[in-house]
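What's in my_file.tsv: TSV, C-alpha atoms
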chain	number	residue	atom	x	y	z
A	33	MET	CA	-4.74	-16.09	-21.54
A	34	ASN	CA	-3.49	-12.49	-21.52
A	35	ARG	CA	-4.76	-9.78	-23.87
A	36	ARG	CA	-1.66	-9.78	-26.12
A	37	THR	CA	-1.76	-13.59	-26.61
A	38	PHE	CA	-5.47	-13.46	-27.45
A	39	PHE	CA	-5.01	-10.86	-30.20
A	40	THR	CA	-1.99	-12.70	-31.62
A	41	LEU	CA	-4.03	-15.90	-31.95
A	42	ALA	CA	-6.99	-14.02	-33.46
A	43	LEU	CA	-4.81	-12.38	-36.09
A	44	ALA	CA	-3.24	-15.74	-36.98
A	45	LEU	CA	-6.66	-17.35	-37.43
A	46	CYS	CA	-7.86	-14.48	-39.63
A	47	ALA	CA	-4.76	-14.68	-41.79
A	48	ARG	CA	-5.26	-18.44	-42.21
A	49	THR	CA	-8.93	-18.00	-43.16
A	50	ASP	CA	-8.27	-15.22	-45.68
A	51	ALA	CA	-5.33	-16.92	-47.36
A	52	ALA	CA	-5.81	-18.46	-50.81
A	53	PRO	CA	-6.23	-22.26	-50.73
A	54	VAL	CA	-3.07	-24.26	-51.27
A	55	GLU	CA	-2.86	-25.46	-54.88
A	56	ALA	CA	-2.66	-29.17	-55.61
A	57	THR	CA	0.84	-30.46	-56.34
A	58	GLU	CA	1.29	-30.57	-60.10
A	59	MET	CA	2.24	-33.76	-61.91
A	60	HIS	CA	3.89	-32.98	-65.26
A	61	ILE	CA	3.00	-35.84	-67.59
A	62	SER	CA	4.23	-36.35	-71.16
A	63	THR	CA	2.48	-37.73	-74.22
A	64	LEU	CA	2.85	-37.58	-77.99
A	65	VAL	CA	2.19	-34.45	-80.05
A	66	GLY	CA	-1.31	-34.21	-81.46
A	67	SER	CA	-4.86	-34.18	-80.24
A	68	ASP	CA	-7.12	-37.20	-80.61
A	69	PRO	CA	-9.90	-39.07	-78.77
A	70	THR	CA	-7.53	-41.66	-77.34
A	71	THR	CA	-5.33	-39.07	-75.65
A	72	SER	CA	-8.42	-37.16	-74.49
A	73	VAL	CA	-9.81	-40.25	-72.72
A	74	ALA	CA	-6.50	-41.04	-71.03
A	75	GLU	CA	-6.08	-37.40	-70.00
A	76	GLN	CA	-9.57	-37.20	-68.48
A	77	VAL	CA	-9.16	-40.48	-66.59
A	78	MET	CA	-5.79	-39.55	-65.15
A	79	MET	CA	-6.84	-35.98	-64.38
A	80	GLU	CA	-9.63	-37.38	-62.19
A	81	ALA	CA	-7.36	-40.01	-60.61
A	82	TYR	CA	-4.80	-37.38	-59.66
A	83	ARG	CA	-7.52	-35.04	-58.39
A	84	ARG	CA	-8.69	-37.77	-56.02
A	85	ILE	CA	-5.26	-37.90	-54.38
A	86	GLY	CA	-4.78	-34.14	-54.25
A	87	ARG	CA	-2.65	-33.73	-57.36
A	88	ALA	CA	-3.15	-31.76	-60.58
A	89	LEU	CA	-2.22	-33.21	-63.98
A	90	VAL	CA	-0.33	-30.94	-66.39
A	91	LEU	CA	0.02	-32.51	-69.83
A	92	HIS	CA	3.02	-31.89	-72.10
A	93	ARG	CA	2.85	-32.98	-75.75
A	94	LEU	CA	6.29	-33.89	-77.08
A	95	PRO	CA	7.48	-35.20	-80.45
A	96	GLY	CA	8.55	-38.78	-81.07
A	97	GLU	CA	10.36	-40.76	-78.42
A	98	ARG	CA	11.22	-37.65	-76.40
A	99	THR	CA	8.02	-38.22	-74.44
A	100	LEU	CA	9.30	-41.57	-73.09
A	101	VAL	CA	12.91	-40.46	-72.73
A	102	MET	CA	12.00	-37.40	-70.67
A	103	ALA	CA	9.65	-39.40	-68.46
A	104	ASN	CA	12.30	-42.09	-67.92
A	105	GLU	CA	14.94	-39.49	-67.07
A	106	GLY	CA	12.66	-37.83	-64.52
A	107	ARG	CA	12.37	-34.57	-66.43
A	108	MET	CA	8.69	-35.45	-66.57
A	109	ASP	CA	6.76	-37.07	-63.73
A	110	GLY	CA	5.32	-39.78	-65.93
A	111	GLU	CA	3.97	-40.92	-69.29
A	112	LEU	CA	0.23	-40.55	-69.96
A	113	TYR	CA	-0.39	-43.94	-71.58
A	114	ARG	CA	1.57	-46.75	-73.17
A	115	LYS	CA	1.23	-50.49	-73.70
A	116	LEU	CA	2.24	-53.11	-71.16
A	117	GLY	CA	5.95	-53.75	-70.67
A	118	MET	CA	7.48	-50.31	-71.34
A	119	GLU	CA	9.36	-50.56	-68.04
A	120	ARG	CA	11.64	-53.18	-69.59
A	121	GLU	CA	13.13	-50.60	-71.95
A	122	TYR	CA	12.59	-47.61	-69.67
A	123	PRO	CA	13.46	-49.02	-66.22
A	124	ASN	CA	12.77	-45.82	-64.29
A	125	LEU	CA	9.06	-46.00	-65.15
A	126	ILE	CA	6.49	-47.75	-62.94
A	127	ILE	CA	3.30	-49.06	-64.54
A	128	LEU	CA	-0.12	-48.47	-62.95
A	129	PRO	CA	-1.78	-51.79	-63.91
A	130	VAL	CA	-5.31	-50.47	-64.51
A	131	PRO	CA	-6.20	-50.21	-68.22
A	132	LEU	CA	-7.29	-46.73	-69.31
A	133	LEU	CA	-8.70	-47.84	-72.68
A	134	THR	CA	-8.09	-50.20	-75.59
A	135	TYR	CA	-5.66	-49.15	-78.31
A	136	GLU	CA	-6.30	-50.63	-81.76
A	137	ILE	CA	-3.72	-50.52	-84.57
A	138	VAL	CA	-5.29	-50.58	-88.06
A	139	ILE	CA	-4.36	-49.94	-91.69
A	140	PHE	CA	-5.75	-46.86	-93.43
A	141	THR	CA	-5.73	-46.94	-97.23
A	142	ARG	CA	-6.82	-44.83	-100.18
A	143	GLY	CA	-7.14	-47.22	-103.07
A	144	THR	CA	-4.45	-49.70	-102.03
A	145	ASN	CA	-6.21	-53.00	-101.38
A	146	PHE	CA	-4.70	-56.27	-100.18
A	147	ILE	CA	-5.41	-59.15	-97.83
A	148	VAL	CA	-4.27	-58.27	-94.32
A	149	ASN	CA	-2.35	-61.21	-92.87
A	150	GLY	CA	-0.33	-59.72	-90.06
A	151	TRP	CA	2.42	-57.12	-90.15
A	152	ASP	CA	4.37	-58.85	-92.91
A	153	SER	CA	1.56	-58.15	-95.38
A	154	LEU	CA	2.70	-54.49	-95.28
A	155	ARG	CA	6.14	-55.28	-96.70
A	156	PRO	CA	5.42	-54.38	-100.37
A	157	PHE	CA	4.13	-50.90	-99.46
A	158	THR	CA	5.35	-47.52	-98.27
A	159	ILE	CA	3.97	-47.10	-94.76
A	160	GLY	CA	3.17	-43.83	-93.03
A	161	TYR	CA	2.94	-43.67	-89.24
A	162	VAL	CA	3.28	-41.32	-86.30
A	163	ARG	CA	6.81	-41.12	-84.94
A	164	GLY	CA	7.00	-42.46	-81.38
A	165	ILE	CA	4.44	-45.27	-81.80
A	166	LYS	CA	6.85	-48.02	-80.84
A	167	ILE	CA	4.69	-51.00	-81.83
A	168	VAL	CA	4.52	-49.72	-85.41
A	169	ARG	CA	8.21	-48.89	-85.60
A	170	GLU	CA	9.23	-52.27	-84.20
A	171	ASN	CA	6.92	-54.31	-86.43
A	172	THR	CA	7.83	-52.46	-89.63
A	173	ALA	CA	11.60	-52.62	-89.15
A	174	GLY	CA	13.26	-53.21	-92.51
A	175	MET	CA	10.22	-52.01	-94.45
A	176	LYS	CA	9.86	-48.72	-96.30
A	177	THR	CA	8.38	-46.25	-93.83
A	178	GLU	CA	7.64	-42.53	-93.54
A	179	ALA	CA	7.46	-41.35	-89.91
A	180	VAL	CA	5.83	-37.97	-89.17
A	181	PRO	CA	5.01	-36.04	-85.97
A	182	THR	CA	1.20	-36.20	-86.19
A	183	MET	CA	-1.58	-38.34	-87.61
A	184	GLU	CA	-2.82	-35.39	-89.65
A	185	GLN	CA	0.52	-35.21	-91.44
A	186	ALA	CA	0.47	-38.96	-92.03
A	187	MET	CA	-2.96	-38.68	-93.66
A	188	GLN	CA	-1.86	-35.73	-95.79
A	189	LYS	CA	1.09	-37.77	-97.12
A	190	LEU	CA	-1.30	-40.59	-97.93
A	191	ILE	CA	-3.55	-38.21	-99.91
A	192	MET	CA	-0.55	-36.79	-101.77
A	193	GLY	CA	0.56	-40.29	-102.75
A	194	ARG	CA	3.75	-40.14	-100.69
A	195	THR	CA	2.70	-43.33	-98.89
A	196	ASP	CA	0.52	-46.31	-99.82
A	197	VAL	CA	-0.98	-46.84	-96.38
A	198	VAL	CA	-1.03	-45.31	-92.91
A	199	VAL	CA	-0.73	-47.56	-89.89
A	200	GLY	CA	-1.92	-46.24	-86.54
A	201	ASN	CA	-4.55	-46.01	-83.85
A	202	ARG	CA	-8.10	-46.34	-85.19
A	203	ALA	CA	-9.56	-43.47	-83.11
A	204	SER	CA	-6.66	-41.13	-83.87
A	205	GLY	CA	-6.87	-41.81	-87.59
A	206	LEU	CA	-10.63	-41.30	-87.77
A	207	ALA	CA	-10.32	-38.02	-85.88
A	208	ALA	CA	-7.58	-36.83	-88.25
A	209	LEU	CA	-9.66	-37.73	-91.31
A	210	GLU	CA	-12.65	-35.85	-89.91
A	211	SER	CA	-10.49	-32.82	-89.09
A	212	LEU	CA	-9.01	-32.78	-92.61
A	213	LYS	CA	-12.44	-33.44	-94.20
A	214	ILE	CA	-11.13	-36.52	-96.03
A	215	ASP	CA	-13.83	-39.04	-96.86
A	216	ASP	CA	-12.21	-41.47	-99.32
A	217	VAL	CA	-9.86	-43.27	-96.92
A	218	ARG	CA	-11.01	-46.58	-95.47
A	219	ILE	CA	-9.80	-49.05	-92.87
A	220	LEU	CA	-8.72	-52.57	-93.82
A	221	ALA	CA	-9.68	-55.53	-91.65
A	222	PRO	CA	-8.64	-57.20	-89.47
A	223	ALA	CA	-6.76	-54.93	-87.06
A	224	LEU	CA	-3.02	-55.53	-86.78
A	225	ALA	CA	-3.10	-55.32	-82.98
A	226	SER	CA	-5.45	-54.51	-80.11
A	227	PHE	CA	-4.26	-54.03	-76.53
A	228	PRO	CA	-4.93	-52.09	-73.32
A	229	VAL	CA	-2.82	-49.07	-72.42
A	230	PHE	CA	-1.66	-47.98	-68.97
A	231	HIS	CA	-0.34	-44.94	-67.12
A	232	TYR	CA	3.32	-44.82	-66.04
A	233	VAL	CA	5.01	-42.71	-63.37
A	234	HIS	CA	8.69	-42.08	-62.69
A	235	LYS	CA	10.15	-44.10	-59.83
A	236	LYS	CA	10.73	-40.91	-57.81
A	237	HIS	CA	6.96	-41.03	-57.19
A	238	ALA	CA	6.95	-44.67	-56.02
A	239	ALA	CA	5.52	-43.69	-52.64
A	240	MET	CA	2.49	-42.18	-54.37
A	241	VAL	CA	1.71	-45.28	-56.45
A	242	PRO	CA	-0.49	-47.12	-53.91
A	243	ALA	CA	-2.79	-44.10	-53.49
A	244	LEU	CA	-2.98	-43.48	-57.23
A	245	LEU	CA	-3.65	-47.16	-57.89
A	246	ALA	CA	-6.41	-47.16	-55.26
A	247	ALA	CA	-7.98	-44.14	-56.97
A	248	LEU	CA	-7.94	-45.92	-60.34
A	249	HIS	CA	-9.45	-49.09	-58.84
A	250	ALA	CA	-12.18	-46.97	-57.25
A	251	MET	CA	-12.82	-45.32	-60.62
A	252	GLN	CA	-13.21	-48.78	-62.16
A	253	ALA	CA	-15.66	-49.80	-59.45
A	254	ASP	CA	-17.80	-46.66	-59.61
A	255	LYS	CA	-17.80	-46.73	-63.46
A	256	THR	CA	-16.02	-43.36	-63.76
A	257	ILE	CA	-13.54	-44.74	-66.31
A	258	GLU	CA	-16.35	-46.27	-68.36
A	259	ARG	CA	-18.34	-43.01	-68.29
A	260	LEU	CA	-15.33	-40.99	-69.46
A	261	GLN	CA	-14.70	-43.45	-72.29
A	262	LYS	CA	-18.32	-43.27	-73.43
A	263	ALA	CA	-18.42	-39.48	-73.15
A	264	ALA	CA	-15.52	-39.31	-75.62
A	265	GLY	CA	-17.14	-41.87	-77.89
A	266	ARG	CA	-14.34	-44.29	-77.10
A	267	ALA	CA	-15.81	-47.16	-75.07
A	268	PRO	CA	-13.39	-50.10	-74.72
A	269	ASN	CA	-13.39	-52.74	-77.44
A	270	GLY	CA	-14.48	-56.23	-76.56
Is it possible to express this structure as structure tokens?
Amino acid sequence: MNRRTFFTLALALCARTDAAPVEATEMHISTLVGSDPTTSVAEQVMMEAYRRIGRALVLHRLPGERTLVMANEGRMDGELYRKLGMEREYPNLIILPVPLLTYEIVIFTRGTNFIVNGWDSLRPFTIGYVRGIKIVRENTAGMKTEAVPTMEQAMQKLIMGRTDVVVGNRASGLAALESLKIDDVRILAPALASFPVFHYVHKKHAAMVPALLAALHAMQADKTIERLQKAAGRAPNG
């Protein structure tokens, strides 16, 4: 090796050593507006799953159904969490079939009492809910509803008497009530629905799915998902 070649190689090695580390590829993931324990759990689980495959999760909170529409159109890389079967309506989304947590739909009330016997028992009342929660929208079709962007706004309408009940996720509702310092709203039993939720990615990332799925399975096996749920006070139901 001649002197010039040696110094060229040495300079290249120094430059490589001194350079800043390459940043993980960002995955821009959408979810509904608002901050609650359910979203926090899903975010923490998926942040770790992406980290394990060399990606970085960037969360975007969007109003209403825009979160699903943008993910389906590929303007987002995926949807943070939704129930099983969303790919039927949004065919560009691929489900990662590892449950992140259990989502429980309940009725919040402030003085309105009745026997809960499925969704139809809500028909006589004005129902508040968070826009973009498809299971609530679909099961209250034809009823009198008030959709708002956040659970906090739904609870405020309930307190003002604009609605008779609020229907939504148990954890989200309890967090909103605590944030607003409201202590005279209670939950009626039984729950209207309880189901696992899953992460979805846009089909342009299909090649990445096996690695991401393997990471999630490993996180199930090493109890990472369970630890994150418990840390947020949101261990799975049942």
Name the residues in contact with region 164-181 of chain A at a cut-off of 7 Å, using only C-alpha atoms, excluding same-chain residues fewer than 5 positions from it; report them as a PyMOL selection string. chain A and resi 65+95-97+151+155+157-159+186
Which protein, DNA or RNA residues are at most 12 Å from (-15.1, -38.9, -63.4) in the file's coordinates when you count all atoms listed in the file, listed as a count of residues only? 28
Tell me, in Å to one decimal, how far CA of Ala239 (chain A) is from CA of Leu94 (chain A).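 About the pair CA of Ala239 (chain A) and CA of Leu94 (chain A): they are 26.3 Å apart.
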So what do you get for CA of Glu210 (chain A) versus CA of Asp68 (chain A), distance-wise?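 Distance reported for this atom pair: 10.9 Å.
Distance annotation: of A:Ile219, A:Ile126, A:Ile191, A:Val101, the residue with the minimal separation from Met240 (chain A) is A:Ile126; atom set is only C-alpha atoms.
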Please define a box with edges along x, y and z of the file around all atoms of region 60-76 of chain A given in the file, extend it by 3 Å on each side, and return its centre and edge lengths in Å to one decimal, as JSON.
{"center_x": -2.8, "center_y": -37.3, "center_z": -73.4, "size_x": 20.1, "size_y": 14.7, "size_z": 22.2}
Counting all atoms listed in the file, the residue of A:Asp109, A:Glu184, A:Asp216, A:Asp196 that sits nearest His237 (chain A):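 Smallest separation from His237 (chain A) among the options: A:Asp109.
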Option closest in space to Val130 (chain A), from A:Pro222, A:Val199, A:Leu89, A:Lys115 [counting only C-alpha atoms]: A:Lys115
CA of Leu244 (chain A) and CA of Leu91 (chain A), how far apart in Å?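 Interatomic distance, CA of Leu91 (chain A) to CA of Leu244 (chain A): 17.0 Å.
Shortest separation to Thr134 (chain A) among A:Val90, A:Ala203, A:Ala221, A:Met187 occurs at residue A:Ala203, atoms counted being only C-alpha atoms.
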Pick out the residues sitting within 8 Å of Ser204 (chain A), and hand them over as a VMD selection string; count all atoms listed in the file, and ignore anything fewer than 3 positions along from it in its own chain. chain A and resid 68 to 70 183 200 to 201 207 to 208
Closest to Ile85 (chain A) among A:Val233, A:Leu100, A:Met108, A:Met59, using all atoms listed in the file?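 Closest candidate: A:Met59.
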Given only C-alpha atoms as the counted atoms, nearest of A:Asp152, A:Glu105, A:Glu136, A:Asp215 to His234 (chain A):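 Ranked by minimum distance to His234 (chain A), first place goes to A:Glu105.
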Would you list the residues near (-3.8, -48.8, -94.3) (no more than 8 Å away, in the coordinates of the file, using all atoms listed in the file) as a list in words? Val138, Ile139, Phe140, Thr141, Arg142, Thr144, Ile159, Asp196, Val197, Val198, Val199, Arg218, Ile219 and Leu220 of chain A
Atoms added to region 87-121 of chain A (N, CA and C atoms), reported as a tab-separated table (two decimals), keeping the file's coordinate frame:
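Written file, out-v6.tsv:
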chain	number	residue	atom	x	y	z
A	87	ARG	N	-3.64	-34.18	-56.38
A	87	ARG	CA	-2.65	-33.73	-57.36
A	87	ARG	C	-3.35	-33.13	-58.58
A	88	ALA	N	-2.61	-32.35	-59.35
A	88	ALA	CA	-3.15	-31.76	-60.58
A	88	ALA	C	-2.30	-32.20	-61.76
A	89	LEU	N	-2.94	-32.75	-62.79
A	89	LEU	CA	-2.22	-33.21	-63.98
A	89	LEU	C	-1.97	-32.04	-64.93
A	90	VAL	N	-0.72	-31.91	-65.36
A	90	VAL	CA	-0.33	-30.94	-66.39
A	90	VAL	C	0.27	-31.74	-67.54
A	91	LEU	N	-0.39	-31.68	-68.71
A	91	LEU	CA	0.02	-32.51	-69.83
A	91	LEU	C	0.97	-31.77	-70.76
A	92	HIS	N	2.04	-32.45	-71.17
A	92	HIS	CA	3.02	-31.89	-72.10
A	92	HIS	C	3.09	-32.78	-73.33
A	93	ARG	N	2.82	-32.21	-74.50
A	93	ARG	CA	2.85	-32.98	-75.75
A	93	ARG	C	4.22	-32.80	-76.41
A	94	LEU	N	4.92	-33.91	-76.58
A	94	LEU	CA	6.29	-33.89	-77.08
A	94	LEU	C	6.42	-34.76	-78.32
A	95	PRO	N	7.34	-34.41	-79.21
A	95	PRO	CA	7.48	-35.20	-80.45
A	95	PRO	C	8.24	-36.51	-80.24
A	96	GLY	N	7.82	-37.53	-80.99
A	96	GLY	CA	8.55	-38.78	-81.07
A	96	GLY	C	8.83	-39.42	-79.73
A	97	GLU	N	10.02	-40.01	-79.62
A	97	GLU	CA	10.36	-40.76	-78.42
A	97	GLU	C	10.80	-39.87	-77.27
A	98	ARG	N	10.85	-38.56	-77.49
A	98	ARG	CA	11.22	-37.65	-76.40
A	98	ARG	C	10.27	-37.80	-75.22
A	99	THR	N	9.01	-38.10	-75.52
A	99	THR	CA	8.02	-38.22	-74.44
A	99	THR	C	8.41	-39.32	-73.46
A	100	LEU	N	8.86	-40.48	-73.96
A	100	LEU	CA	9.30	-41.57	-73.09
A	100	LEU	C	10.65	-41.29	-72.46
A	101	VAL	N	11.56	-40.74	-73.24
A	101	VAL	CA	12.91	-40.46	-72.73
A	101	VAL	C	12.85	-39.48	-71.57
A	102	MET	N	12.08	-38.41	-71.72
A	102	MET	CA	12.00	-37.40	-70.67
A	102	MET	C	11.31	-37.93	-69.42
A	103	ALA	N	10.30	-38.79	-69.62
A	103	ALA	CA	9.65	-39.40	-68.46
A	103	ALA	C	10.61	-40.35	-67.75
A	104	ASN	N	11.35	-41.14	-68.50
A	104	ASN	CA	12.30	-42.09	-67.92
A	104	ASN	C	13.43	-41.38	-67.18
A	105	GLU	N	13.85	-40.23	-67.71
A	105	GLU	CA	14.94	-39.49	-67.07
A	105	GLU	C	14.48	-38.67	-65.88
A	106	GLY	N	13.17	-38.60	-65.66
A	106	GLY	CA	12.66	-37.83	-64.52
A	106	GLY	C	12.44	-36.37	-64.81
A	107	ARG	N	12.66	-35.96	-66.07
A	107	ARG	CA	12.37	-34.57	-66.43
A	107	ARG	C	10.87	-34.36	-66.58
A	108	MET	N	10.13	-35.44	-66.71
A	108	MET	CA	8.69	-35.45	-66.57
A	108	MET	C	8.34	-36.40	-65.43
A	109	ASP	N	7.16	-36.23	-64.86
A	109	ASP	CA	6.76	-37.07	-63.73
A	109	ASP	C	6.19	-38.41	-64.18
A	110	GLY	N	5.86	-38.52	-65.45
A	110	GLY	CA	5.32	-39.78	-65.93
A	110	GLY	C	4.92	-39.69	-67.39
A	111	GLU	N	4.43	-40.80	-67.91
A	111	GLU	CA	3.97	-40.92	-69.29
A	111	GLU	C	2.48	-41.20	-69.26
A	112	LEU	N	1.69	-40.47	-70.06
A	112	LEU	CA	0.23	-40.55	-69.96
A	112	LEU	C	-0.29	-41.96	-70.20
A	113	TYR	N	0.08	-42.57	-71.33
A	113	TYR	CA	-0.39	-43.94	-71.58
A	113	TYR	C	0.52	-44.64	-72.58
A	114	ARG	N	0.78	-45.89	-72.29
A	114	ARG	CA	1.57	-46.75	-73.17
A	114	ARG	C	1.13	-48.19	-72.95
A	115	LYS	N	1.58	-49.07	-73.82
A	115	LYS	CA	1.23	-50.49	-73.70
A	115	LYS	C	2.00	-51.12	-72.54
A	116	LEU	N	1.60	-52.32	-72.20
A	116	LEU	CA	2.24	-53.11	-71.16
A	116	LEU	C	3.70	-53.37	-71.51
A	117	GLY	N	4.57	-53.32	-70.51
A	117	GLY	CA	5.95	-53.75	-70.67
A	117	GLY	C	6.96	-52.66	-71.00
A	118	MET	N	6.55	-51.38	-71.00
A	118	MET	CA	7.48	-50.31	-71.34
A	118	MET	C	8.61	-50.18	-70.31
A	119	GLU	N	8.34	-50.66	-69.09
A	119	GLU	CA	9.36	-50.56	-68.04
A	119	GLU	C	10.58	-51.42	-68.34
A	120	ARG	N	10.47	-52.36	-69.24
A	120	ARG	CA	11.64	-53.18	-69.59
A	120	ARG	C	12.67	-52.36	-70.35
A	121	GLU	N	12.21	-51.46	-71.20
A	121	GLU	CA	13.13	-50.60	-71.95
A	121	GLU	C	13.41	-49.29	-71.24
